[in-house]
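**Q** So that you have it, the file is final_31.txt, and it contains compact mmCIF, C-alpha atoms and all ligand atoms:
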```txt
# COMPACT_ATOMS: atom_id res chain seq x y z
CA MET A 9 12.95 -21.46 -42.19
CA LYS A 10 10.45 -19.63 -44.39
CA LYS A 11 7.64 -21.54 -46.02
CA ALA A 12 8.97 -20.80 -49.46
CA ASP A 13 12.29 -22.37 -48.42
CA ILE A 14 10.50 -25.45 -47.23
CA ALA A 15 8.82 -25.60 -50.60
CA ASP A 16 12.25 -25.33 -52.21
CA ASP A 17 13.42 -28.22 -50.07
CA TRP A 18 10.59 -30.31 -51.35
CA PHE A 19 11.42 -29.28 -54.83
CA LEU A 20 15.06 -30.31 -54.49
CA TRP A 21 14.25 -33.47 -52.63
CA TYR A 22 13.49 -35.44 -55.78
CA THR A 23 12.04 -38.24 -53.73
CA SER A 24 10.03 -41.14 -54.93
CA LEU A 25 6.59 -40.57 -56.33
CA TRP A 26 4.10 -39.01 -53.94
CA THR A 27 0.65 -40.37 -54.03
CA THR A 28 -1.80 -37.61 -53.37
CA ASP A 29 -5.53 -37.42 -53.55
CA TRP A 30 -5.05 -35.39 -56.70
CA CYS A 31 -4.19 -38.42 -58.75
CA THR A 32 -7.41 -40.33 -58.38
CA LYS A 33 -10.00 -40.54 -61.15
CA GLU A 34 -8.58 -37.73 -63.24
CA LYS A 35 -5.18 -39.28 -63.48
CA SER A 36 -6.21 -42.89 -63.66
CA CYS A 37 -8.61 -41.89 -66.37
CA ILE A 38 -5.84 -40.24 -68.33
CA PHE A 39 -3.61 -43.26 -67.79
CA ALA A 40 -6.36 -45.67 -68.72
CA ALA A 41 -7.06 -43.65 -71.82
CA SER A 42 -3.45 -43.41 -72.84
CA ASN A 43 -2.82 -47.06 -72.00
CA GLN A 44 -5.79 -48.10 -74.07
CA GLN A 45 -4.83 -45.71 -76.80
CA ASN A 46 -1.25 -46.98 -76.75
CA CYS A 47 -2.67 -50.39 -77.54
CA VAL A 48 -4.87 -49.00 -80.30
CA MET A 49 -3.16 -51.29 -82.75
CA LYS A 50 -4.89 -54.19 -81.05
CA LYS A 51 -8.07 -52.50 -79.89
CA SER A 52 -10.27 -51.02 -82.59
CA PHE A 53 -12.96 -49.58 -80.37
CA ILE A 54 -12.43 -47.73 -77.10
CA TYR A 55 -15.19 -47.15 -74.58
CA GLY A 56 -15.56 -45.98 -71.00
CA VAL A 57 -12.72 -43.45 -71.03
CA ALA A 58 -12.22 -40.13 -72.79
CA VAL A 59 -11.05 -40.69 -76.36
CA GLU A 60 -8.75 -38.78 -78.66
CA GLY A 61 -7.03 -38.98 -82.05
CA ASP A 62 -8.26 -41.80 -84.27
CA ASN A 63 -10.77 -42.85 -81.63
CA PHE A 64 -12.55 -39.52 -81.69
CA THR A 65 -15.01 -38.94 -84.49
CA ASP A 66 -17.10 -36.03 -85.74
CA ARG A 67 -18.20 -33.38 -83.24
CA GLU A 68 -17.02 -30.81 -85.76
CA LYS A 69 -19.78 -28.33 -85.03
CA GLU A 70 -19.47 -28.70 -81.26
CA THR A 71 -15.67 -28.53 -81.41
CA LYS A 72 -15.84 -25.32 -83.42
CA ARG A 73 -18.42 -23.76 -81.14
CA LEU A 74 -16.64 -24.67 -77.92
CA LYS A 75 -13.30 -23.50 -79.31
CA GLN A 76 -14.88 -20.17 -80.21
CA ASP A 77 -16.37 -19.88 -76.71
CA PHE A 78 -12.96 -20.57 -75.18
CA GLU A 79 -11.29 -18.02 -77.46
CA ASN A 80 -13.94 -15.39 -76.81
CA GLY A 81 -13.85 -15.82 -73.06
CA GLN A 82 -17.47 -16.96 -73.03
CA ASN A 83 -18.59 -19.02 -70.05
CA VAL A 84 -20.21 -22.24 -71.18
CA ILE A 85 -22.18 -25.03 -69.60
CA LEU A 86 -22.04 -28.43 -71.23
CA ILE A 87 -24.69 -31.00 -70.38
CA SER A 88 -25.39 -34.46 -71.76
CA PRO A 89 -26.46 -37.90 -70.61
CA ARG A 90 -23.71 -40.14 -69.28
CA ARG A 91 -20.91 -41.22 -71.58
CA MET A 92 -21.99 -39.16 -74.55
CA GLY A 93 -18.56 -37.57 -74.96
CA LYS A 94 -18.26 -34.39 -72.84
CA THR A 95 -14.79 -35.05 -71.49
CA SER A 96 -13.51 -36.17 -74.88
CA LEU A 97 -14.89 -33.04 -76.51
CA VAL A 98 -13.42 -30.66 -73.95
CA ARG A 99 -10.04 -32.37 -74.16
CA ARG A 100 -10.21 -32.21 -77.94
CA VAL A 101 -10.79 -28.46 -77.83
CA GLN A 102 -8.05 -28.14 -75.22
CA SER A 103 -5.65 -29.74 -77.69
CA LEU A 104 -6.67 -27.39 -80.51
CA VAL A 105 -6.43 -23.93 -78.93
CA ASP A 106 -3.44 -21.67 -79.41
CA LYS A 107 -1.37 -22.32 -76.29
CA LYS A 108 0.45 -19.02 -76.62
CA THR A 109 -2.65 -17.02 -75.91
CA LEU A 110 -4.89 -19.46 -74.09
CA SER A 111 -4.36 -21.88 -71.26
CA VAL A 112 -7.05 -24.51 -70.65
CA VAL A 113 -7.10 -26.05 -67.19
CA TYR A 114 -9.09 -29.23 -66.54
CA ILE A 115 -10.45 -30.20 -63.13
CA ASP A 116 -12.62 -33.18 -62.23
CA ALA A 117 -14.74 -32.39 -59.18
CA TYR A 118 -16.25 -35.86 -58.89
CA ASP A 119 -14.45 -36.79 -55.66
CA CYS A 120 -14.54 -33.39 -53.93
CA ARG A 121 -16.59 -33.85 -50.81
CA ASN A 122 -16.44 -30.31 -49.50
CA GLU A 123 -15.52 -26.75 -50.36
CA TYR A 124 -11.85 -26.97 -49.39
CA GLU A 125 -11.25 -30.25 -51.15
CA PHE A 126 -12.47 -28.46 -54.23
CA TYR A 127 -10.21 -25.43 -53.66
CA ASN A 128 -7.21 -27.71 -53.25
CA LYS A 129 -7.93 -29.47 -56.50
CA PHE A 130 -8.71 -26.20 -58.24
CA ALA A 131 -5.48 -24.52 -57.12
CA ALA A 132 -3.34 -27.60 -57.77
CA ALA A 133 -4.69 -27.92 -61.31
CA LEU A 134 -3.99 -24.25 -61.99
CA MET A 135 -0.44 -24.48 -60.63
CA LYS A 136 0.36 -27.57 -62.67
CA GLN A 137 -1.51 -27.19 -65.90
CA THR A 138 -0.43 -23.64 -66.63
CA ALA A 139 3.17 -24.68 -66.08
CA GLY A 140 4.30 -27.92 -67.68
CA LYS A 141 7.77 -28.48 -66.23
CA ALA A 142 8.25 -29.15 -62.50
CA GLU A 143 10.36 -26.01 -62.07
CA ALA A 144 7.58 -23.91 -63.50
CA VAL A 145 5.05 -25.50 -61.15
CA MET A 146 7.20 -24.50 -58.18
CA LYS A 147 7.61 -21.01 -59.60
CA ASN A 148 3.82 -20.74 -59.85
CA ILE A 149 3.38 -21.84 -56.25
CA LYS A 150 6.00 -19.40 -54.98
CA GLU A 151 4.38 -16.59 -56.87
CA PHE A 152 0.70 -17.26 -56.28
CA LEU A 153 0.48 -19.34 -53.10
CA VAL A 154 3.30 -17.98 -50.98
CA ARG A 155 1.79 -18.96 -47.66
CA LEU A 156 1.90 -22.70 -48.38
CA SER A 157 4.37 -25.54 -47.99
CA PRO A 158 3.19 -27.94 -50.66
CA LYS A 159 4.12 -31.55 -51.07
CA VAL A 160 5.49 -32.17 -54.51
CA GLY A 161 6.51 -35.51 -55.91
CA PHE A 162 8.56 -36.41 -58.93
CA SER A 163 8.58 -39.67 -60.72
CA PRO A 164 11.87 -41.02 -62.07
CA ASP A 165 10.05 -41.18 -65.41
CA PRO A 166 10.45 -37.68 -66.90
CA SER A 167 7.32 -38.05 -69.03
CA SER A 168 5.01 -38.64 -66.09
CA GLU A 169 3.25 -35.86 -64.26
CA VAL A 170 4.27 -34.00 -61.13
CA SER A 171 2.07 -34.92 -58.20
CA LEU A 172 1.10 -32.07 -56.00
CA SER A 173 -0.60 -31.78 -52.66
CA LEU A 174 -1.17 -28.21 -51.56
CA GLY A 175 -2.89 -28.73 -48.23
CA ILE A 176 -4.77 -25.43 -48.38
CA THR A 177 -6.87 -24.79 -45.25
CA PRO A 178 -9.02 -21.79 -44.27
CA LYS A 179 -6.13 -20.65 -42.05
CA GLU A 180 -3.86 -19.91 -45.00
CA TYR A 181 -6.29 -18.92 -47.72
CA SER A 182 -9.84 -17.69 -47.94
CA PRO A 183 -12.15 -19.10 -50.62
CA GLU A 184 -12.11 -15.69 -52.29
CA GLU A 185 -8.34 -15.72 -52.69
CA ILE A 186 -8.39 -19.17 -54.26
CA LEU A 187 -11.27 -18.32 -56.58
CA GLN A 188 -9.35 -15.23 -57.72
CA LEU A 189 -6.36 -17.31 -58.81
CA PRO A 190 -7.33 -17.78 -62.49
CA GLN A 191 -7.67 -14.04 -63.02
CA ARG A 192 -4.43 -13.19 -61.18
CA MET A 193 -2.50 -15.87 -63.02
CA ALA A 194 -3.95 -14.91 -66.39
CA GLU A 195 -3.00 -11.25 -65.88
CA LYS A 196 0.52 -12.17 -64.86
CA MET A 197 0.98 -14.62 -67.73
CA GLY A 198 -0.55 -12.30 -70.31
CA LYS A 199 -2.89 -15.08 -71.42
CA HIS A 200 -6.54 -15.97 -71.10
CA ILE A 201 -7.30 -18.95 -68.85
CA VAL A 202 -10.29 -21.25 -69.36
CA VAL A 203 -11.07 -23.38 -66.33
CA CYS A 204 -13.02 -26.53 -67.23
CA ILE A 205 -14.74 -28.21 -64.30
CA ASP A 206 -16.02 -31.73 -64.93
CA GLU A 207 -18.80 -33.26 -62.78
CA PHE A 208 -19.66 -29.76 -61.61
CA GLN A 209 -22.92 -30.98 -60.07
CA GLN A 210 -20.76 -32.23 -57.19
CA ILE A 211 -20.63 -28.64 -55.92
CA GLY A 212 -24.36 -28.87 -55.29
CA GLU A 213 -23.65 -31.62 -52.74
CA PHE A 214 -21.36 -29.54 -50.50
CA GLN A 215 -22.47 -28.45 -47.09
CA ASP A 216 -23.75 -24.88 -47.31
CA SER A 217 -23.66 -25.32 -51.07
CA LEU A 218 -25.75 -22.27 -51.85
CA ASN A 219 -23.25 -19.95 -50.18
CA VAL A 220 -20.35 -21.67 -51.90
CA GLN A 221 -22.07 -21.18 -55.24
CA LYS A 222 -22.74 -17.53 -54.45
CA LYS A 223 -19.06 -16.96 -53.68
CA MET A 224 -18.00 -18.69 -56.89
CA ARG A 225 -20.40 -16.87 -59.13
CA GLY A 226 -19.79 -13.51 -57.45
CA ILE A 227 -16.06 -13.73 -58.11
CA TRP A 228 -15.94 -15.55 -61.42
CA GLN A 229 -18.44 -13.33 -63.19
CA LEU A 230 -16.19 -10.29 -62.71
CA GLN A 231 -13.10 -11.90 -64.14
CA THR A 232 -12.14 -10.58 -67.54
CA ASN A 233 -9.10 -12.75 -68.24
CA ALA A 234 -10.55 -16.05 -67.09
CA SER A 235 -13.66 -17.91 -68.17
CA TYR A 236 -15.29 -21.18 -67.23
CA CYS A 237 -16.59 -24.32 -68.88
CA LEU A 238 -18.74 -26.19 -66.38
CA PHE A 239 -20.01 -29.62 -67.27
CA GLY A 240 -21.44 -32.88 -66.06
CA SER A 241 -23.96 -35.58 -66.75
CA LYS A 242 -26.48 -35.55 -63.93
CA LYS A 243 -29.03 -33.66 -65.91
CA HIS A 244 -31.54 -33.12 -63.12
CA LEU A 245 -28.87 -31.73 -60.77
CA LEU A 246 -27.24 -29.58 -63.42
CA SER A 247 -30.56 -28.23 -64.61
CA ASN A 248 -31.28 -27.18 -61.06
CA LEU A 249 -27.91 -25.43 -60.75
CA PHE A 250 -28.07 -23.58 -64.05
CA GLN A 251 -31.70 -23.25 -65.07
CA ASN A 252 -33.35 -22.44 -61.78
CA LYS A 253 -33.84 -18.69 -61.42
CA ARG A 254 -33.27 -18.83 -57.69
CA MET A 255 -29.84 -20.44 -58.00
CA PRO A 256 -26.60 -18.40 -58.15
CA PHE A 257 -25.37 -19.95 -61.40
CA TYR A 258 -28.56 -19.14 -63.28
CA GLN A 259 -27.63 -17.75 -66.73
CA PHE A 260 -23.93 -17.95 -65.95
CA GLY A 261 -23.09 -18.94 -69.52
CA ASP A 262 -24.17 -20.46 -72.83
CA ILE A 263 -25.82 -23.83 -72.28
CA LEU A 264 -24.77 -26.50 -74.73
CA PHE A 265 -26.70 -29.79 -74.66
CA LEU A 266 -24.43 -32.33 -76.27
CA GLN A 267 -26.47 -34.37 -78.74
CA PRO A 268 -25.69 -37.93 -79.82
CA ILE A 269 -23.32 -38.36 -82.79
CA SER A 270 -25.50 -39.03 -85.83
CA THR A 271 -25.60 -42.42 -87.55
CA GLU A 272 -24.28 -40.81 -90.73
CA ASP A 273 -21.23 -39.64 -88.79
CA TRP A 274 -20.71 -43.01 -87.12
CA LYS A 275 -20.80 -44.86 -90.47
CA PRO A 276 -17.34 -43.96 -91.85
CA PHE A 277 -15.80 -44.35 -88.39
CA ILE A 278 -17.18 -47.85 -87.81
CA ARG A 279 -16.71 -49.01 -91.39
CA GLY A 280 -13.10 -47.82 -91.33
CA LYS A 281 -12.31 -49.79 -88.18
CA PHE A 282 -13.78 -52.98 -89.70
CA GLU A 283 -11.93 -52.44 -92.97
CA GLU A 284 -8.65 -52.24 -91.04
CA LYS A 285 -9.36 -55.80 -89.89
CA ASN A 286 -10.52 -56.94 -93.32
CA ILE A 287 -14.06 -57.51 -92.13
CA SER A 288 -16.94 -56.25 -94.22
CA ILE A 289 -19.99 -54.69 -92.65
CA SER A 290 -23.04 -53.28 -94.45
CA ASP A 291 -24.44 -49.79 -93.86
CA ASP A 292 -27.64 -51.44 -92.77
CA LEU A 293 -25.92 -53.26 -89.91
CA ILE A 294 -24.04 -50.14 -88.83
CA GLU A 295 -27.40 -48.37 -88.69
CA LYS A 296 -28.70 -51.18 -86.51
CA ILE A 297 -25.72 -50.92 -84.16
CA CYS A 298 -26.44 -47.20 -83.68
CA ALA A 299 -30.20 -47.66 -83.35
CA THR A 300 -29.88 -50.49 -80.80
CA VAL A 301 -28.10 -48.17 -78.36
CA GLN A 302 -29.87 -44.97 -79.47
CA ASN A 303 -26.51 -43.56 -80.64
CA GLN A 304 -25.14 -43.25 -77.11
CA SER A 305 -21.42 -42.83 -77.88
CA SER A 306 -19.86 -45.24 -75.43
CA TYR A 307 -22.37 -48.00 -76.15
CA VAL A 308 -21.93 -47.56 -79.92
CA GLN A 309 -18.22 -48.27 -79.49
CA GLN A 310 -18.85 -51.13 -77.06
CA LEU A 311 -21.41 -52.80 -79.29
CA ALA A 312 -19.26 -52.32 -82.39
CA SER A 313 -16.40 -53.89 -80.48
CA ASN A 314 -18.58 -56.90 -79.56
CA VAL A 315 -19.66 -57.23 -83.19
CA MET A 316 -16.04 -57.28 -84.29
CA LEU A 317 -15.20 -59.94 -81.72
CA ASN A 318 -18.05 -62.12 -82.97
CA ALA A 319 -17.31 -61.61 -86.67
CA THR A 320 -15.12 -63.51 -89.11
CA ASP A 321 -15.05 -62.06 -92.66
CA VAL A 322 -18.51 -60.62 -92.95
CA VAL A 323 -20.83 -59.24 -90.30
CA THR A 324 -24.27 -60.83 -90.39
CA GLU A 325 -27.55 -60.25 -88.54
CA GLN A 326 -26.63 -63.17 -86.32
CA THR A 327 -23.28 -61.61 -85.43
CA LEU A 328 -25.12 -58.51 -84.28
CA GLU A 329 -27.60 -60.54 -82.23
CA LEU A 330 -24.75 -62.29 -80.40
CA ALA A 331 -23.03 -58.96 -79.85
CA VAL A 332 -26.17 -57.44 -78.31
CA GLU A 333 -26.49 -60.45 -76.03
CA ASP A 334 -22.87 -59.94 -74.94
CA LEU A 335 -23.57 -56.27 -74.32
CA LEU A 336 -26.48 -57.11 -72.02
CA ASN A 337 -24.42 -59.70 -70.17
CA GLN A 338 -21.51 -57.30 -69.75
CA ASN A 339 -23.80 -54.78 -68.09
CA SER A 340 -26.24 -57.01 -66.24
CA LEU A 341 -24.49 -56.96 -62.84
CA LEU A 342 -24.44 -53.18 -62.83
CA PHE A 343 -28.08 -53.02 -63.87
CA LEU A 344 -29.11 -55.47 -61.16
CA GLN A 345 -27.40 -53.24 -58.60
CA GLN A 346 -29.37 -50.29 -59.91
CA LEU A 347 -32.59 -52.13 -59.14
CA ASP A 348 -31.47 -52.86 -55.61
CA GLY A 349 -33.93 -51.50 -53.06
CA LEU A 350 -36.61 -50.43 -55.55
CA THR A 351 -40.17 -50.82 -54.29
CA ALA A 352 -42.82 -52.85 -56.12
CA TYR A 353 -44.46 -49.58 -57.26
CA GLN A 354 -41.18 -48.30 -58.69
CA MET A 355 -40.59 -51.59 -60.51
CA ASN A 356 -44.13 -51.43 -61.87
CA PHE A 357 -43.48 -47.93 -63.17
CA LEU A 358 -40.40 -49.18 -65.04
CA LYS A 359 -42.49 -52.01 -66.49
CA ALA A 360 -45.07 -49.54 -67.73
CA LEU A 361 -42.26 -47.54 -69.34
CA ALA A 362 -40.75 -50.65 -70.90
CA ASN A 363 -44.16 -51.49 -72.38
CA GLY A 364 -44.27 -48.15 -74.16
CA THR A 365 -46.12 -45.86 -71.73
CA ASN A 366 -44.35 -42.49 -71.63
CA ALA A 367 -47.05 -40.21 -70.25
CA ASN A 368 -50.34 -40.10 -68.32
CA PHE A 369 -49.08 -42.38 -65.58
CA GLY A 370 -51.60 -40.77 -63.23
CA SER A 371 -54.59 -41.78 -65.38
CA LYS A 372 -56.95 -44.39 -63.96
CA THR A 373 -56.20 -46.86 -66.75
CA VAL A 374 -52.40 -46.76 -66.25
CA LEU A 375 -52.67 -46.69 -62.45
CA ASN A 376 -54.78 -49.84 -62.49
CA LEU A 377 -53.06 -51.66 -65.33
CA TYR A 378 -49.63 -51.39 -63.70
CA ASP A 379 -50.62 -51.13 -60.05
CA LEU A 380 -48.94 -47.79 -59.35
CA GLY A 381 -50.98 -46.82 -56.28
CA SER A 382 -52.47 -43.35 -56.20
CA LYS A 383 -51.86 -40.39 -58.51
CA SER A 384 -49.74 -38.65 -55.87
CA ASN A 385 -47.69 -41.83 -55.52
CA VAL A 386 -46.74 -41.52 -59.19
CA SER A 387 -44.99 -38.16 -58.55
CA LYS A 388 -42.98 -39.74 -55.74
CA ILE A 389 -42.01 -42.69 -57.95
CA LYS A 390 -40.91 -40.35 -60.73
CA SER A 391 -38.84 -38.29 -58.36
CA VAL A 392 -37.03 -41.32 -56.87
CA LEU A 393 -36.35 -42.91 -60.25
CA THR A 394 -35.04 -39.60 -61.58
CA GLN A 395 -32.74 -39.20 -58.55
CA LYS A 396 -31.47 -42.71 -59.22
CA GLU A 397 -30.86 -41.70 -62.85
CA LEU A 398 -33.00 -44.55 -64.15
CA ILE A 399 -35.47 -42.29 -65.94
CA GLU A 400 -35.51 -38.76 -67.30
CA SER A 401 -37.92 -36.31 -68.88
CA SER A 402 -37.68 -35.72 -72.59
CA PRO A 403 -39.86 -34.03 -75.19
CA ALA A 404 -41.39 -37.48 -75.79
CA GLY A 405 -42.35 -37.79 -72.11
CA ILE A 406 -40.64 -39.96 -69.51
CA VAL A 407 -37.95 -42.24 -70.95
CA PHE A 408 -35.30 -44.61 -69.67
CA ALA A 409 -32.05 -42.73 -69.04
CA ASP A 410 -29.92 -45.58 -70.36
CA PRO A 411 -30.83 -47.30 -73.64
CA VAL A 412 -29.06 -50.54 -72.78
CA PHE A 413 -30.68 -50.66 -69.36
CA GLN A 414 -33.98 -50.32 -71.23
CA LEU A 415 -33.17 -53.32 -73.46
CA TRP A 416 -32.02 -55.38 -70.52
CA PHE A 417 -34.99 -54.46 -68.33
CA THR A 418 -37.48 -55.22 -71.10
CA LYS A 419 -35.88 -58.60 -71.74
CA GLU A 420 -35.59 -59.60 -68.08
CA TRP A 421 -38.73 -58.16 -66.54
CA CYS A 422 -41.36 -57.92 -69.23
CA LYS A 423 -41.47 -61.46 -70.54
N1 LIG B 1 -16.32 -37.97 -80.43
C1 LIG B 1 -16.33 -39.28 -80.13
N2 LIG B 1 -16.04 -40.18 -81.08
C2 LIG B 1 -16.07 -41.51 -80.82
N3 LIG B 1 -16.41 -42.01 -79.64
C3 LIG B 1 -16.72 -41.17 -78.64
C4 LIG B 1 -16.68 -39.75 -78.85
N4 LIG B 1 -17.04 -39.16 -77.70
C5 LIG B 1 -17.27 -40.15 -76.83
N5 LIG B 1 -17.07 -41.36 -77.38
C6 LIG B 1 -17.30 -42.67 -76.74
O1 LIG B 1 -17.94 -42.44 -75.49
C7 LIG B 1 -17.10 -42.86 -74.39
C8 LIG B 1 -17.23 -41.90 -73.26
O2 LIG B 1 -16.67 -40.65 -73.61
P1 LIG B 1 -16.44 -39.52 -72.51
O3 LIG B 1 -15.75 -40.09 -71.31
O4 LIG B 1 -15.80 -38.38 -73.20
O5 LIG B 1 -17.95 -39.17 -72.18
P2 LIG B 1 -18.52 -38.33 -70.97
O6 LIG B 1 -19.79 -37.74 -71.46
O7 LIG B 1 -17.49 -37.42 -70.44
O8 LIG B 1 -18.79 -39.51 -69.92
P3 LIG B 1 -19.20 -39.39 -68.37
O9 LIG B 1 -20.66 -39.11 -68.36
O10 LIG B 1 -18.86 -40.75 -67.81
O11 LIG B 1 -18.37 -38.28 -67.77
C9 LIG B 1 -15.71 -42.98 -74.98
O12 LIG B 1 -14.94 -43.96 -74.34
C10 LIG B 1 -16.00 -43.38 -76.42
O13 LIG B 1 -16.26 -44.77 -76.49
MG MG B 2 -16.71 -37.24 -68.46
```
Go through the file and emit its structure as structure tokens.
**A**
Amino acid sequence: MKKADIADDWFLWYTSLWTTDWCTKEKSCIFAASNQQNCVMKKSFIYGVAVEGDNFTDREKETKRLKQDFENGQNVILISPRRMGKTSLVRRVQSLVDKKTLSVVYIDAYDCRNEYEFYNKFAAALMKQTAGKAEAVMKNIKEFLVRLSPKVGFSPDPSSEVSLSLGITPKEYSPEEILQLPQRMAEKMGKHIVVCIDEFQQIGEFQDSLNVQKKMRGIWQLQTNASYCLFGSKKHLLSNLFQNKRMPFYQFGDILFLQPISTEDWKPFIRGKFEEKNISISDDLIEKICATVQNQSSYVQQLASNVMLNATDVVTEQTLELAVEDLLNQNSLLFLQQLDGLTAYQMNFLKALANGTNANFGSKTVLNLYDLGSKSNVSKIKSVLTQKELIESSPAGIVFADPVFQLWFTKEWCK
């Protein structure tokens, strides 16, 4: 029996749902999002998952720019702190492009531990997301991955997705052949393909990562019918991948730093949600919600949600205070874990930061005041805390990476 026939067998088998490693975060995230969004009638504010429709606000400029990049075949790199809205934005643009001429494929690399796990996810996403119906997925596989016998699963629910496990190994396909897929498929389909890779910094963790990156860049940069949107939130890792002259992905595309949504743009969104519940909230208090969490998108929605839960007819200063307390409690376990294993010097550095020191940590005064050890010790502390994503560099100097962690740390450790 030929491999293609085996594939056909799988196709006709119509067995129960296959669980493959494909449907991990990506899928559960989509389900969580759609589940939450299906219950939008009850839930006014959504946080922690990618948002769409009524739960997505503003980002007009960024949406326009990214859409243009996709349409022009421009490679783009999207960077922002955690939970600022990268995935939501990319999915938004994905929903807006003209599907007749452009196919946007979304891949989340967060759980890829090595090169071939990535290629499997990459190829599976291309096979599925350029197809739609199960028959078309199989047609894609037969046409573009003839040497494979994939495992395909179908759910009895026609609206749910096909699960697909390709099982690509170096024996059947070389990295080059897999990386060429977007171009080959785009040519055949007479469309442009944009491949969006979320949590791209994961590639930097692979064994022999530099060579993998060289292969990727070498092939992708020559493709005329496919382009790439690479994004993630680990700023220090991404900056190293894309802004370091010695790295293969240096100047691979336009870099877009996703900024926080402005308070002015949050105002109508938040006010509207409160009005739907017949609760009145002043502009002043909306401004305070945004300022408390430094406009970090997910926290704005979480805090607004807490405010709504604490409010009756009118939101007061006291409602907001209770809501902030709830926010700190909701996150405190996670924050405590983040402090696990920190040395006394590292804790002292965070205390200095919480007390408003953002620069000159190596000066005698700061070293002595906060007991940070020697000047060279300060560089080590900075490096560890950056790796742990507790702090980051900004134009204002060193700052906490997470505004709510900052509030919590200041309250708990700087009494
Ligand atoms: N345009 C938006 N309008 C309203 N809320 C948003 C918007 N973008 C993001 N959010 C809020 O931020 C949360 C996180 O969004 P999203 O998952 O898109 O961010 P991300 O940057 O991809 O996060 P991560 O760093 O975890 O990958 C959402 O659940 C939502 O609460
Ligand atoms: Mg994301």
**Q** Can you build me a table of chain A residues sitting at most 7 Å from ligand MG 2 (chain B), with the closest atom pair per residue and its distance in Å to one decimal, using all atoms listed in the file, sorted by chain and residue number, as a Markdown table?
**A**
```
| residue | atom | partner | partner_atom | distance |
| --- | --- | --- | --- | --- |
| A:Ala58 | CA | B:MG2 | MG | 6.9 |
| A:Arg91 | CA | B:MG2 | MG | 6.6 |
| A:Gly93 | CA | B:MG2 | MG | 6.8 |
| A:Lys94 | CA | B:MG2 | MG | 5.5 |
| A:Thr95 | CA | B:MG2 | MG | 4.2 |
| A:Asp206 | CA | B:MG2 | MG | 6.6 |
| A:Gly240 | CA | B:MG2 | MG | 6.9 |
```
**Q** For ligand LIG 1 (chain B), list the contacting residues at 10 Å or closer, counting only C-alpha atoms and all ligand atoms, as a PyMOL selection string.
**A** chain A and resi 37+41+53-68+70-71+86-100+116+118+206-207+239-242+266+268-269+273-274+277-278+304-311+313
**Q** Could the residues in this selection be written to a file with C-alpha atoms, as a CSV table (one decimal), keeping the file's coordinate frame?
**A**
```csv
chain,number,residue,atom,x,y,z
A,37,CYS,CA,-8.6,-41.9,-66.4
A,41,ALA,CA,-7.1,-43.6,-71.8
A,53,PHE,CA,-13.0,-49.6,-80.4
A,54,ILE,CA,-12.4,-47.7,-77.1
A,55,TYR,CA,-15.2,-47.2,-74.6
A,56,GLY,CA,-15.6,-46.0,-71.0
A,57,VAL,CA,-12.7,-43.4,-71.0
A,58,ALA,CA,-12.2,-40.1,-72.8
A,59,VAL,CA,-11.0,-40.7,-76.4
A,60,GLU,CA,-8.8,-38.8,-78.7
A,61,GLY,CA,-7.0,-39.0,-82.0
A,62,ASP,CA,-8.3,-41.8,-84.3
A,63,ASN,CA,-10.8,-42.8,-81.6
A,64,PHE,CA,-12.6,-39.5,-81.7
A,65,THR,CA,-15.0,-38.9,-84.5
A,66,ASP,CA,-17.1,-36.0,-85.7
A,67,ARG,CA,-18.2,-33.4,-83.2
A,68,GLU,CA,-17.0,-30.8,-85.8
A,70,GLU,CA,-19.5,-28.7,-81.3
A,71,THR,CA,-15.7,-28.5,-81.4
A,86,LEU,CA,-22.0,-28.4,-71.2
A,87,ILE,CA,-24.7,-31.0,-70.4
A,88,SER,CA,-25.4,-34.5,-71.8
A,89,PRO,CA,-26.5,-37.9,-70.6
A,90,ARG,CA,-23.7,-40.1,-69.3
A,91,ARG,CA,-20.9,-41.2,-71.6
A,92,MET,CA,-22.0,-39.2,-74.6
A,93,GLY,CA,-18.6,-37.6,-75.0
A,94,LYS,CA,-18.3,-34.4,-72.8
A,95,THR,CA,-14.8,-35.0,-71.5
A,96,SER,CA,-13.5,-36.2,-74.9
A,97,LEU,CA,-14.9,-33.0,-76.5
A,98,VAL,CA,-13.4,-30.7,-74.0
A,99,ARG,CA,-10.0,-32.4,-74.2
A,100,ARG,CA,-10.2,-32.2,-77.9
A,116,ASP,CA,-12.6,-33.2,-62.2
A,118,TYR,CA,-16.2,-35.9,-58.9
A,206,ASP,CA,-16.0,-31.7,-64.9
A,207,GLU,CA,-18.8,-33.3,-62.8
A,239,PHE,CA,-20.0,-29.6,-67.3
A,240,GLY,CA,-21.4,-32.9,-66.1
A,241,SER,CA,-24.0,-35.6,-66.8
A,242,LYS,CA,-26.5,-35.6,-63.9
A,266,LEU,CA,-24.4,-32.3,-76.3
A,268,PRO,CA,-25.7,-37.9,-79.8
A,269,ILE,CA,-23.3,-38.4,-82.8
A,273,ASP,CA,-21.2,-39.6,-88.8
A,274,TRP,CA,-20.7,-43.0,-87.1
A,277,PHE,CA,-15.8,-44.4,-88.4
A,278,ILE,CA,-17.2,-47.8,-87.8
A,304,GLN,CA,-25.1,-43.2,-77.1
A,305,SER,CA,-21.4,-42.8,-77.9
A,306,SER,CA,-19.9,-45.2,-75.4
A,307,TYR,CA,-22.4,-48.0,-76.2
A,308,VAL,CA,-21.9,-47.6,-79.9
A,309,GLN,CA,-18.2,-48.3,-79.5
A,310,GLN,CA,-18.8,-51.1,-77.1
A,311,LEU,CA,-21.4,-52.8,-79.3
A,313,SER,CA,-16.4,-53.9,-80.5
```
**Q** Mind listing whatever residues come within 6 Å of the point (-11.7, -26.1, -47.0)? Use all atoms listed in the file, file coordinates, and give them as an mmCIF file with C-alpha atoms, keeping the file's coordinate frame.
**A**
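Resulting contents of part.cif:
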```cif
data_model
loop_
_atom_site.group_PDB
_atom_site.id
_atom_site.type_symbol
_atom_site.label_atom_id
_atom_site.label_comp_id
_atom_site.auth_asym_id
_atom_site.auth_seq_id
_atom_site.Cartn_x
_atom_site.Cartn_y
_atom_site.Cartn_z
ATOM 1 C CA GLU A 123 -15.520 -26.750 -50.360
ATOM 2 C CA TYR A 124 -11.850 -26.970 -49.390
ATOM 3 C CA GLU A 125 -11.250 -30.250 -51.150
ATOM 4 C CA THR A 177 -6.870 -24.790 -45.250
ATOM 5 C CA PRO A 178 -9.020 -21.790 -44.270
#
```
